[in-house]
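What follows is the content of target-v9.cif, which has mmCIF, C-alpha atoms and all ligand atoms:
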data_model
#
loop_
_atom_site.label_atom_id
_atom_site.label_comp_id
_atom_site.auth_asym_id
_atom_site.auth_seq_id
_atom_site.Cartn_x
_atom_site.Cartn_y
_atom_site.Cartn_z
CA MET A 1 161.99 89.42 164.13
CA GLU A 2 158.59 88.68 165.59
CA ARG A 3 156.49 85.80 164.31
CA VAL A 4 153.30 87.06 162.65
CA PHE A 5 149.96 85.32 162.48
CA ASN A 6 150.17 83.80 159.01
CA PHE A 7 146.78 83.40 157.30
CA SER A 8 148.35 82.35 154.01
CA ALA A 9 146.65 79.53 152.08
CA GLY A 10 149.93 77.66 151.69
CA PRO A 11 152.69 77.12 152.42
CA ALA A 12 150.89 77.81 155.64
CA THR A 13 151.63 78.26 159.29
CA LEU A 14 152.96 75.23 161.17
CA PRO A 15 152.51 74.50 164.87
CA LEU A 16 155.10 76.48 166.82
CA PRO A 17 156.06 73.44 168.97
CA VAL A 18 156.90 71.62 165.73
CA ILE A 19 159.14 74.46 164.53
CA GLU A 20 160.82 74.54 167.91
CA GLN A 21 161.39 70.79 167.96
CA ALA A 22 162.89 70.97 164.47
CA LYS A 23 165.17 73.74 165.66
CA ALA A 24 166.24 71.69 168.67
CA ASP A 25 167.10 68.80 166.33
CA LEU A 26 169.51 71.04 164.37
CA PRO A 27 172.39 70.68 163.76
CA VAL A 28 172.34 67.24 165.38
CA PHE A 29 169.41 64.85 165.58
CA PRO A 30 169.88 62.89 168.81
CA GLY A 31 171.95 59.78 168.14
CA ALA A 32 172.44 60.49 164.43
CA GLY A 33 175.58 62.65 164.56
CA ALA A 34 174.11 65.02 161.97
CA SER A 35 170.79 66.63 161.10
CA ILE A 36 167.94 64.74 159.42
CA MET A 37 168.75 66.52 156.15
CA GLU A 38 172.23 65.02 156.11
CA ILE A 39 171.65 61.36 156.89
CA SER A 40 170.82 58.46 154.59
CA HIS A 41 167.18 57.74 153.88
CA ARG A 42 168.19 54.09 154.44
CA SER A 43 169.63 54.80 157.87
CA LYS A 44 168.01 53.26 160.94
CA THR A 45 167.25 56.73 162.24
CA PHE A 46 165.33 57.81 159.17
CA LEU A 47 163.56 54.49 158.61
CA LYS A 48 162.26 54.72 162.14
CA ILE A 49 160.93 58.23 161.48
CA LEU A 50 159.23 57.09 158.27
CA GLU A 51 157.65 54.08 159.91
CA GLN A 52 156.51 56.06 162.95
CA THR A 53 155.02 58.83 160.80
CA GLN A 54 153.01 56.33 158.77
CA ALA A 55 151.88 54.52 161.93
CA ASP A 56 150.88 57.75 163.69
CA LEU A 57 148.91 58.94 160.68
CA LYS A 58 147.12 55.62 160.38
CA SER A 59 146.26 55.57 164.05
CA LEU A 60 144.99 59.18 163.97
CA ILE A 61 142.55 58.39 161.18
CA GLY A 62 141.87 54.83 162.28
CA VAL A 63 143.04 52.57 159.45
CA SER A 64 145.39 49.60 159.37
CA ASP A 65 147.04 47.63 156.60
CA ASP A 66 144.06 47.86 154.26
CA TYR A 67 145.43 51.30 153.36
CA HIS A 68 148.89 52.39 152.24
CA VAL A 69 150.38 55.70 153.31
CA LEU A 70 152.67 57.21 150.68
CA PHE A 71 154.75 60.36 150.46
CA THR A 72 154.97 61.38 146.82
CA PRO A 73 156.95 64.09 145.05
CA GLY A 74 155.26 66.88 143.12
CA GLY A 75 152.60 67.83 145.65
CA ALA A 76 148.88 67.53 145.02
CA THR A 77 149.26 68.74 141.44
CA GLN A 78 151.31 65.69 140.49
CA GLN A 79 148.51 63.56 141.92
CA PHE A 80 146.05 65.08 139.43
CA THR A 81 147.89 63.30 136.61
CA MET A 82 149.34 60.38 138.56
CA LEU A 83 145.93 59.13 139.67
CA ALA A 84 144.70 59.43 136.10
CA MET A 85 147.66 57.48 134.69
CA ASN A 86 147.02 54.73 137.23
CA PHE A 87 143.22 54.58 137.34
CA LEU A 88 141.75 56.44 134.36
CA ALA A 89 144.09 55.03 131.71
CA GLY A 90 142.08 55.80 128.59
CA LYS A 91 138.69 55.19 130.18
CA LYS A 92 136.10 57.51 131.79
CA ALA A 93 135.84 59.20 135.18
CA ASP A 94 133.43 61.57 136.91
CA TYR A 95 134.56 64.78 138.53
CA LEU A 96 132.68 66.98 140.95
CA HIS A 97 133.45 70.39 139.50
CA VAL A 98 133.22 72.39 142.70
CA GLY A 99 135.91 75.08 142.32
CA SER A 100 139.29 76.11 140.95
CA TRP A 101 141.24 73.09 142.15
CA ALA A 102 138.59 70.67 140.90
CA SER A 103 138.88 72.37 137.48
CA LYS A 104 142.59 71.80 137.44
CA ALA A 105 142.30 68.19 138.62
CA MET A 106 139.78 67.44 135.89
CA LYS A 107 141.74 69.21 133.17
CA ASP A 108 145.05 67.56 134.03
CA ALA A 109 143.51 64.09 134.26
CA GLY A 110 141.85 64.66 130.88
CA ARG A 111 145.18 63.96 129.18
CA PHE A 112 144.79 60.31 130.15
CA GLY A 113 141.16 59.60 129.42
CA THR A 114 137.70 61.15 129.39
CA THR A 115 136.86 63.31 132.36
CA ARG A 116 133.37 64.64 132.77
CA ALA A 117 131.71 66.90 135.31
CA ALA A 118 129.04 64.96 137.17
CA TRP A 119 128.04 68.32 138.65
CA SER A 120 129.34 71.84 138.21
CA GLY A 121 129.04 74.86 140.44
CA LYS A 122 130.67 77.14 137.89
CA ALA A 123 127.52 78.96 136.75
CA ASP A 124 126.93 80.03 140.37
CA ASN A 125 130.54 81.09 140.85
CA PHE A 126 131.32 78.10 143.08
CA VAL A 127 129.45 79.16 146.21
CA ARG A 128 128.35 75.70 147.33
CA MET A 129 128.87 71.95 147.12
CA PRO A 130 126.30 69.65 145.42
CA GLY A 131 123.70 67.54 147.17
CA ASP A 132 123.59 63.81 146.39
CA ALA A 133 120.39 64.13 144.34
CA GLU A 134 122.10 66.61 142.00
CA LEU A 135 124.91 64.27 140.97
CA ASP A 136 124.68 62.95 137.42
CA LEU A 137 126.93 59.90 137.80
CA ASP A 138 128.10 57.80 134.88
CA PRO A 139 127.67 54.07 135.60
CA GLU A 140 130.77 53.45 133.49
CA ALA A 141 133.05 55.81 135.38
CA GLU A 142 136.22 54.30 136.82
CA TYR A 143 136.04 56.60 139.83
CA VAL A 144 134.48 59.79 141.14
CA HIS A 145 136.85 62.60 142.04
CA MET A 146 135.97 65.21 144.66
CA THR A 147 137.74 68.16 146.22
CA SER A 148 136.72 68.12 149.86
CA ASN A 149 137.61 71.77 150.44
CA GLU A 150 137.99 74.37 147.72
CA THR A 151 140.84 76.48 149.02
CA ILE A 152 140.26 79.46 146.72
CA GLN A 153 136.48 79.76 147.00
CA GLY A 154 136.28 78.72 150.67
CA ILE A 155 133.65 76.01 150.37
CA GLN A 156 133.74 72.56 151.95
CA PHE A 157 131.76 69.33 151.83
CA ALA A 158 129.93 68.77 155.13
CA ALA A 159 129.93 65.01 154.43
CA GLU A 160 131.05 62.59 151.74
CA PRO A 161 128.85 62.55 148.64
CA ASP A 162 127.06 59.29 147.86
CA VAL A 163 128.82 58.00 144.75
CA LYS A 164 126.80 54.80 144.41
CA GLY A 165 129.64 52.43 145.18
CA LYS A 166 132.17 53.91 142.75
CA PRO A 167 135.72 54.34 144.08
CA LEU A 168 135.80 57.80 145.63
CA PHE A 169 139.00 59.82 145.09
CA CYS A 170 139.53 62.94 147.13
CA ASP A 171 141.84 65.92 146.90
CA ALA A 172 141.93 66.83 150.59
CA SER A 173 144.87 69.21 150.30
CA SER A 174 143.37 72.03 152.30
CA ASP A 175 141.34 70.16 154.90
CA PHE A 176 143.29 66.95 155.52
CA LEU A 177 143.03 65.92 159.19
CA CYS A 178 140.95 69.00 160.06
CA ARG A 179 138.28 66.76 161.67
CA PRO A 180 137.46 63.06 162.03
CA PHE A 181 136.36 61.25 158.87
CA ASP A 182 135.62 57.72 157.76
CA PRO A 183 138.62 56.72 155.63
CA ARG A 184 136.78 53.63 154.37
CA LYS A 185 134.59 55.83 152.21
CA TYR A 186 137.65 56.66 150.09
CA ALA A 187 139.66 54.56 147.67
CA LEU A 188 142.25 57.32 147.35
CA MET A 189 142.86 60.47 149.30
CA TYR A 190 145.73 62.86 148.78
CA ALA A 191 146.88 66.16 150.19
CA GLY A 192 149.67 68.58 149.36
CA ALA A 193 151.50 68.70 152.67
CA GLN A 194 151.91 72.47 152.89
CA LYS A 195 148.40 73.30 154.09
CA ASN A 196 147.76 71.14 157.11
CA VAL A 197 150.66 68.79 157.71
CA GLY A 198 154.10 70.08 156.72
CA PRO A 199 156.37 71.80 154.20
CA SER A 200 155.61 72.02 150.47
CA GLY A 201 156.63 69.73 147.62
CA THR A 202 155.24 66.43 148.88
CA ALA A 203 151.78 64.91 148.86
CA VAL A 204 150.53 62.57 151.55
CA VAL A 205 148.57 59.79 149.86
CA LEU A 206 146.18 57.32 151.43
CA LEU A 207 145.47 54.47 149.03
CA ARG A 208 143.17 51.51 149.60
CA ALA A 209 145.29 48.41 149.08
CA ASP A 210 142.99 46.65 146.60
CA MET A 211 143.27 49.57 144.16
CA LEU A 212 146.77 48.41 143.24
CA GLU A 213 145.30 45.58 141.19
CA ARG A 214 144.02 48.17 138.70
CA VAL A 215 147.37 49.81 138.01
CA PRO A 216 148.51 49.22 134.41
CA ALA A 217 151.98 47.89 133.62
CA ASN A 218 154.97 49.98 132.62
CA LEU A 219 154.11 53.38 133.98
CA PRO A 220 157.04 55.69 134.72
CA PRO A 221 158.19 54.28 138.06
CA LEU A 222 157.82 57.42 140.15
CA LEU A 223 154.27 57.81 138.82
CA ASP A 224 153.28 54.22 139.56
CA TYR A 225 151.50 53.65 142.88
CA LYS A 226 152.58 49.99 142.82
CA VAL A 227 156.25 50.93 142.59
CA LEU A 228 155.87 53.49 145.36
CA VAL A 229 154.10 50.99 147.62
CA GLU A 230 156.66 48.25 146.90
CA ASN A 231 159.47 50.66 147.73
CA ASP A 232 157.71 52.25 150.69
CA SER A 233 157.84 55.72 149.03
CA MET A 234 161.59 55.32 148.52
CA TYR A 235 162.02 54.41 144.86
CA ASN A 236 163.97 57.64 144.78
CA THR A 237 165.35 59.58 147.73
CA PRO A 238 162.23 61.02 149.31
CA SER A 239 161.97 64.43 150.88
CA THR A 240 163.32 63.20 154.20
CA PHE A 241 163.13 66.51 156.05
CA THR A 242 159.51 66.96 154.99
CA ILE A 243 158.56 63.49 156.20
CA TYR A 244 160.28 64.21 159.50
CA ILE A 245 158.26 67.43 159.93
CA ILE A 246 155.03 65.63 159.01
CA GLY A 247 155.93 63.14 161.73
CA LEU A 248 156.25 65.94 164.26
CA VAL A 249 152.88 67.36 163.17
CA MET A 250 151.27 63.94 163.70
CA LYS A 251 152.67 63.81 167.24
CA TRP A 252 151.43 67.36 167.87
CA LEU A 253 147.96 66.44 166.64
CA ARG A 254 147.86 63.41 168.90
CA ASP A 255 149.60 64.63 172.04
CA GLU A 256 148.98 68.38 172.18
CA ILE A 257 145.63 68.66 170.40
CA GLY A 258 144.29 65.27 171.50
CA GLY A 259 143.31 63.75 168.16
CA LEU A 260 140.99 64.55 165.26
CA GLU A 261 137.80 64.85 167.31
CA LYS A 262 139.42 67.62 169.36
CA MET A 263 140.96 69.16 166.26
CA GLY A 264 137.54 69.31 164.64
CA GLU A 265 136.00 71.02 167.67
CA LEU A 266 138.75 73.57 167.75
CA ASN A 267 138.50 74.24 164.02
CA ARG A 268 134.73 74.66 164.17
CA MET A 269 135.13 77.12 167.01
CA LYS A 270 137.79 79.15 165.20
CA ALA A 271 135.73 79.27 162.01
CA ALA A 272 132.59 80.31 163.91
CA MET A 273 134.50 83.26 165.38
CA VAL A 274 135.36 84.65 161.93
CA TYR A 275 131.97 83.88 160.36
CA ASP A 276 130.24 85.55 163.32
CA ALA A 277 132.39 88.62 162.77
CA ILE A 278 131.23 88.63 159.12
CA ASP A 279 127.56 87.96 159.88
CA ASN A 280 127.39 90.54 162.65
CA SER A 281 128.92 93.32 160.55
CA GLY A 282 125.65 94.51 159.02
CA GLY A 283 126.94 93.83 155.51
CA PHE A 284 130.30 95.58 155.84
CA TYR A 285 131.92 92.15 155.54
CA ARG A 286 130.28 89.79 153.07
CA GLY A 287 131.04 86.06 152.89
CA HIS A 288 131.48 84.36 149.49
CA ALA A 289 130.13 80.89 150.32
CA GLU A 290 126.56 79.88 151.02
CA LYS A 291 126.30 79.40 154.77
CA ALA A 292 125.76 75.64 154.78
CA HIS A 293 128.86 75.15 152.62
CA ARG A 294 131.29 77.44 154.38
CA SER A 295 134.79 76.09 154.81
CA ILE A 296 136.20 75.81 158.31
CA MET A 297 139.69 76.13 156.79
CA ASN A 298 139.53 79.02 154.29
CA VAL A 299 137.21 81.92 155.09
CA THR A 300 136.58 84.06 151.99
CA PHE A 301 134.90 87.44 152.18
CA ARG A 302 134.68 90.95 150.75
CA VAL A 303 135.24 94.16 152.68
CA GLY A 304 133.28 97.44 152.26
CA ASN A 305 134.37 98.78 148.89
CA GLU A 306 137.43 97.94 146.79
CA GLU A 307 139.55 100.71 148.24
CA GLN A 308 138.71 99.61 151.78
CA GLU A 309 139.54 96.05 150.87
CA ALA A 310 143.08 96.98 149.85
CA MET A 311 143.41 99.09 153.00
CA PHE A 312 142.16 96.19 155.10
CA ILE A 313 144.81 93.82 153.80
CA ASP A 314 147.53 96.44 154.11
CA GLN A 315 146.68 97.54 157.64
CA ALA A 316 146.18 93.95 158.78
CA LYS A 317 149.69 93.13 157.61
CA LYS A 318 151.06 96.05 159.60
CA ALA A 319 149.19 94.71 162.63
CA GLY A 320 150.95 91.33 162.28
CA LEU A 321 148.14 89.54 160.42
CA ASP A 322 149.75 88.34 157.22
CA GLY A 323 148.63 86.52 154.06
CA LEU A 324 145.02 87.73 154.01
CA LYS A 325 144.83 88.69 150.34
CA GLY A 326 142.37 86.50 148.47
CA HIS A 327 143.52 84.43 145.50
CA ARG A 328 144.14 86.56 142.42
CA SER A 329 141.37 84.76 140.53
CA VAL A 330 138.59 85.76 142.95
CA GLY A 331 139.93 88.78 144.87
CA GLY A 332 138.72 89.82 148.29
CA VAL A 333 140.06 88.55 151.55
CA ARG A 334 140.87 84.98 152.48
CA ALA A 335 141.72 83.97 156.01
CA SER A 336 143.19 80.49 156.02
CA ILE A 337 142.75 79.12 159.50
CA TYR A 338 144.26 75.67 159.21
CA ASN A 339 144.89 73.28 162.11
CA ALA A 340 148.02 75.12 163.20
CA MET A 341 146.45 78.60 163.37
CA PRO A 342 146.11 79.26 167.09
CA VAL A 343 142.87 80.61 168.59
CA GLU A 344 144.80 83.77 169.55
CA GLY A 345 145.47 84.41 165.86
CA VAL A 346 141.78 84.13 165.03
CA LYS A 347 140.92 86.34 167.99
CA ALA A 348 143.42 88.95 166.78
CA LEU A 349 141.83 88.85 163.31
CA CYS A 350 138.31 89.30 164.71
CA ASP A 351 139.45 92.21 166.89
CA PHE A 352 141.09 93.78 163.87
CA MET A 353 137.93 93.35 161.80
CA ALA A 354 135.81 95.05 164.45
CA GLU A 355 138.23 97.95 164.80
CA PHE A 356 138.60 98.38 161.02
CA GLN A 357 134.84 98.55 160.63
CA ARG A 358 134.52 101.00 163.52
CA VAL A 359 136.96 103.38 161.80
CA ASN A 360 135.93 102.83 158.16
CA GLY A 361 132.41 101.42 158.23
C1 LIG B 1 147.08 73.82 147.30
C2 LIG B 1 146.17 72.88 146.66
C3 LIG B 1 146.59 72.06 145.59
C4 LIG B 1 147.96 72.16 144.97
O1 LIG B 1 148.93 71.67 145.81
P1 LIG B 1 150.47 71.58 145.32
O2 LIG B 1 151.09 70.87 146.46
O3 LIG B 1 150.93 72.97 145.13
O4 LIG B 1 150.49 70.81 144.07
C5 LIG B 1 145.68 71.16 145.06
N1 LIG B 1 144.44 71.06 145.55
C6 LIG B 1 143.99 71.84 146.56
C7 LIG B 1 142.60 71.67 147.06
C8 LIG B 1 144.84 72.77 147.14
O5 LIG B 1 144.42 73.52 148.15
#
In structure tokens, what does this structure look like?
Ligand SMILES: *Cc1c(COP(=O)(O)O)cnc(C)c1O
Amino acid sequence: MERVFNFSAGPATLPLPVIEQAKADLPVFPGAGASIMEISHRSKTFLKILEQTQADLKSLIGVSDDYHVLFTPGGATQQFTMLAMNFLAGKKADYLHVGSWASKAMKDAGRFGTTRAAWSGKADNFVRMPGDAELDLDPEAEYVHMTSNETIQGIQFAAEPDVKGKPLFCDASSDFLCRPFDPRKYALMYAGAQKNVGPSGTAVVLLRADMLERVPANLPPLLDYKVLVENDSMYNTPSTFTIYIIGLVMKWLRDEIGGLEKMGELNRMKAAMVYDAIDNSGGFYRGHAEKAHRSIMNVTFRVGNEEQEAMFIDQAKKAGLDGLKGHRSVGGVRASIYNAMPVEGVKALCDFMAEFQRVNG
């Protein structure tokens, strides 16, 4: 019955204090006479949770009413097409083709217009992000779409690309709120909740208010940002329990971690521990990403030979380190060390790596 260290890419580990608070609020949320799952989304209790969650998120990242915070069904994948229906709409857009998720975002959006790779890392097996000088931007593009962190390959932008004034759209599913950022550089940012902020099935969307003017008429209502904004994410019954958990994660980030600056420091430290273990292994562990583009959220690497790799994952699991198998499309090992992965978990992984190499290296 013990809780393992869960290195899974998502649904991923959540902060233990959040899980414990949720447990304390079952079966009765204080004052509500029932649990959050059982009360109306129009109730005072839930509306307060929704409002507070949006306010806490905005204050963590430092925006006010010039941005809308939405909670949308269908996760990040739904956003691939939703953003295209709203903002591509038969026209052209540029995509930074930096990994598996960028491929999917570009392909799905392509049903609603012309999507084109302004840069592609495919020929090099997606080991790095582009530099600004490498971007081949189309002056007629409606927007530029980026994936800030490629979850499968384990590469991450160190800073926003310069997109020459075009609206910048960002799939931040696997590094949302992992460090401070300047929200004003983005017209749209979205993240599947299950990596860094909550349970699966919902995307958190940050949309610059002026973008609404571009939304065409008569889209299916749940896929229309205008409708979602006008109804405060409640055109249908939203995933109330998920929003409640996201709210708890926001409080945890603010009160227990101390905000995004602190979160970033902690994440950089955790990532450095694993990358040091790789770099100091004399080649027994081999990182996938080029060093300057390494993700601080998803650490991807190979172990010894193939047989040792399988053994590594198997023995790690027995030692309480779960979810380390790399994505089926790239193989190897992937340690997802999101915001909620405690330093002790990373320490346990590094100790395990050293011991495994001592025995098998
Ligand atoms: C996980 C992930 C997605 C897909 O998220 P869903 O919520 O499953 O749709 C999209 N983009 C990135 C970068 C991801 O890591």
**Study point:** Test item: residues no farther than 6 Å from ligand LIG 1 (chain B), counting only C-alpha atoms and all ligand atoms, as a list in words
**Key:** Gly75, Ala76, Thr77, Trp101, Glu150, Thr151, Asp171, Ser173, Ser174, Gly192 and Gly201 of chain A
Exercise for review: Using atom CA of Thr81 of chain A and atom CA of Leu223 of chain A as the two end points, give the distance in Å to one decimal.
Suggested key: 8.7 Å
Identify the residues within 8 Å of coordinate (143.4, 62.1, 131.0) (same frame as the file), considering only C-alpha atoms, and give the answer as a short mmCIF file (atom, residue, chain, number, x, y, z; two decimals) with C-alpha atoms, in the coordinates of the input.
data_model
loop_
_atom_site.label_atom_id
_atom_site.label_comp_id
_atom_site.auth_asym_id
_atom_site.auth_seq_id
_atom_site.Cartn_x
_atom_site.Cartn_y
_atom_site.Cartn_z
CA THR A 81 147.89 63.30 136.61
CA ALA A 84 144.70 59.43 136.10
CA MET A 85 147.66 57.48 134.69
CA LEU A 88 141.75 56.44 134.36
CA ALA A 89 144.09 55.03 131.71
CA GLY A 90 142.08 55.80 128.59
CA LYS A 107 141.74 69.21 133.17
CA ASP A 108 145.05 67.56 134.03
CA ALA A 109 143.51 64.09 134.26
CA GLY A 110 141.85 64.66 130.88
CA ARG A 111 145.18 63.96 129.18
CA PHE A 112 144.79 60.31 130.15
CA GLY A 113 141.16 59.60 129.42
CA THR A 114 137.70 61.15 129.39
CA THR A 115 136.86 63.31 132.36
#
Review point. Between A:Asn360, A:Thr242, A:Thr237, A:Ser336, which is the closest to Asp322 of chain A once you count only C-alpha atoms?
Key: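 For Asp322 of chain A, the nearest of the candidates is A:Ser336.
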Do you have, as CSV, the list of residues of segment 289-356 of chain A lying at most 12 Å from segment 271-285 of chain A, each with its nearest atom pair and that distance in Å to one decimal, counting only C-alpha atoms and ordered by chain then number?
residue,atom,partner,partner_atom,distance
A:Ala289,CA,A:Tyr275,CA,10.6
A:Glu290,CA,A:Tyr275,CA,11.5
A:Lys291,CA,A:Tyr275,CA,9.1
A:Ala292,CA,A:Tyr275,CA,11.7
A:Arg294,CA,A:Tyr275,CA,8.8
A:Ser295,CA,A:Ala271,CA,7.9
A:Ile296,CA,A:Ala271,CA,5.1
A:Met297,CA,A:Ala271,CA,7.3
A:Asn298,CA,A:Ala271,CA,8.6
A:Val299,CA,A:Ala271,CA,7.6
A:Thr300,CA,A:Tyr275,CA,9.6
A:Phe301,CA,A:Tyr285,CA,6.5
A:Arg302,CA,A:Tyr285,CA,5.7
A:Val303,CA,A:Tyr285,CA,4.8
A:Gly304,CA,A:Phe284,CA,5.0
A:Asn305,CA,A:Phe284,CA,8.7
A:Glu306,CA,A:Phe284,CA,11.8
A:Gln308,CA,A:Phe284,CA,10.2
A:Glu309,CA,A:Tyr285,CA,9.8
A:Phe312,CA,A:Tyr285,CA,11.0
A:Gly332,CA,A:Tyr285,CA,10.2
A:Val333,CA,A:Tyr285,CA,9.8
A:Arg334,CA,A:Val274,CA,10.9
A:Ala335,CA,A:Val274,CA,8.7
A:Ser336,CA,A:Ala271,CA,9.6
A:Ile337,CA,A:Ala271,CA,7.5
A:Tyr338,CA,A:Ala271,CA,9.7
A:Asn339,CA,A:Ala271,CA,10.9
A:Met341,CA,A:Ala271,CA,10.8
A:Pro342,CA,A:Ala271,CA,11.6
A:Val343,CA,A:Met273,CA,9.3
A:Glu344,CA,A:Met273,CA,11.1
A:Gly345,CA,A:Val274,CA,10.8
A:Val346,CA,A:Val274,CA,7.1
A:Lys347,CA,A:Met273,CA,7.6
A:Ala348,CA,A:Val274,CA,10.3
A:Leu349,CA,A:Val274,CA,7.8
A:Cys350,CA,A:Val274,CA,6.2
A:Asp351,CA,A:Ala277,CA,8.9
A:Phe352,CA,A:Ala277,CA,10.2
A:Met353,CA,A:Ala277,CA,7.3
A:Ala354,CA,A:Ala277,CA,7.5
A:Glu355,CA,A:Ala277,CA,11.2
A:Phe356,CA,A:Phe284,CA,10.2
Check your understanding: Which residues, protein or nucleic acid, reach to within 10 Å of (141.0, 67.0, 163.1) in the file's coordinates when using only C-alpha atoms, and can you give that as a PyMOL selection string?
Key -> chain A and resi 60-61+175-181+196+253-254+257-268+339
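Of the residues under consideration (A:Leu321, A:Val249, A:Met234, A:Ala191), A:Val249 shows the shortest atom-to-atom contact distance to Pro17 of chain A when counting only C-alpha atoms.
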Exercise for review: Can you work out which one of A:Tyr225, A:Phe71, A:Phe169, A:Phe7 has the shortest atom-to-atom distance to Gly198 of chain A, counting only C-alpha atoms?
Suggested key: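 Looking only at the distances to Gly198 of chain A, the closest residue turns out to be A:Phe71.
Across the model, the gap from atom CA of Arg328 of chain A to atom CA of Ile313 of chain A is 13.5 Å.
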Exercise for review: Find the distance between atom CA of Gln79 of chain A and atom CA of Gly121 of chain A and write it in Å to one decimal.
Suggested key: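 Atom-to-atom, atom CA of Gln79 of chain A to atom CA of Gly121 of chain A, that is 22.6 Å.
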Spatial neighbours of segment 49-52 of chain A, 12 Å, all atoms listed in the file, chain gap at least 4 places, as an mmCIF file with C-alpha atoms, keeping the file's coordinate frame:
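Printed below is around.cif as written:
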data_model
loop_
_atom_site.group_PDB
_atom_site.id
_atom_site.type_symbol
_atom_site.label_atom_id
_atom_site.label_comp_id
_atom_site.auth_asym_id
_atom_site.auth_seq_id
_atom_site.Cartn_x
_atom_site.Cartn_y
_atom_site.Cartn_z
ATOM 1 C CA PHE A 29 169.410 64.850 165.580
ATOM 2 C CA ILE A 36 167.940 64.740 159.420
ATOM 3 C CA HIS A 41 167.180 57.740 153.880
ATOM 4 C CA ARG A 42 168.190 54.090 154.440
ATOM 5 C CA SER A 43 169.630 54.800 157.870
ATOM 6 C CA LYS A 44 168.010 53.260 160.940
ATOM 7 C CA THR A 45 167.250 56.730 162.240
ATOM 8 C CA ASP A 56 150.880 57.750 163.690
ATOM 9 C CA LEU A 57 148.910 58.940 160.680
ATOM 10 C CA LYS A 58 147.120 55.620 160.380
ATOM 11 C CA SER A 59 146.260 55.570 164.050
ATOM 12 C CA LEU A 60 144.990 59.180 163.970
ATOM 13 C CA HIS A 68 148.890 52.390 152.240
ATOM 14 C CA VAL A 69 150.380 55.700 153.310
ATOM 15 C CA LEU A 70 152.670 57.210 150.680
ATOM 16 C CA PHE A 71 154.750 60.360 150.460
ATOM 17 C CA ASP A 232 157.710 52.250 150.690
ATOM 18 C CA SER A 233 157.840 55.720 149.030
ATOM 19 C CA MET A 234 161.590 55.320 148.520
ATOM 20 C CA PRO A 238 162.230 61.020 149.310
ATOM 21 C CA SER A 239 161.970 64.430 150.880
ATOM 22 C CA THR A 240 163.320 63.200 154.200
ATOM 23 C CA PHE A 241 163.130 66.510 156.050
ATOM 24 C CA THR A 242 159.510 66.960 154.990
ATOM 25 C CA ILE A 243 158.560 63.490 156.200
ATOM 26 C CA TYR A 244 160.280 64.210 159.500
ATOM 27 C CA ILE A 245 158.260 67.430 159.930
ATOM 28 C CA ILE A 246 155.030 65.630 159.010
ATOM 29 C CA GLY A 247 155.930 63.140 161.730
ATOM 30 C CA LEU A 248 156.250 65.940 164.260
ATOM 31 C CA VAL A 249 152.880 67.360 163.170
ATOM 32 C CA MET A 250 151.270 63.940 163.700
ATOM 33 C CA LYS A 251 152.670 63.810 167.240
#
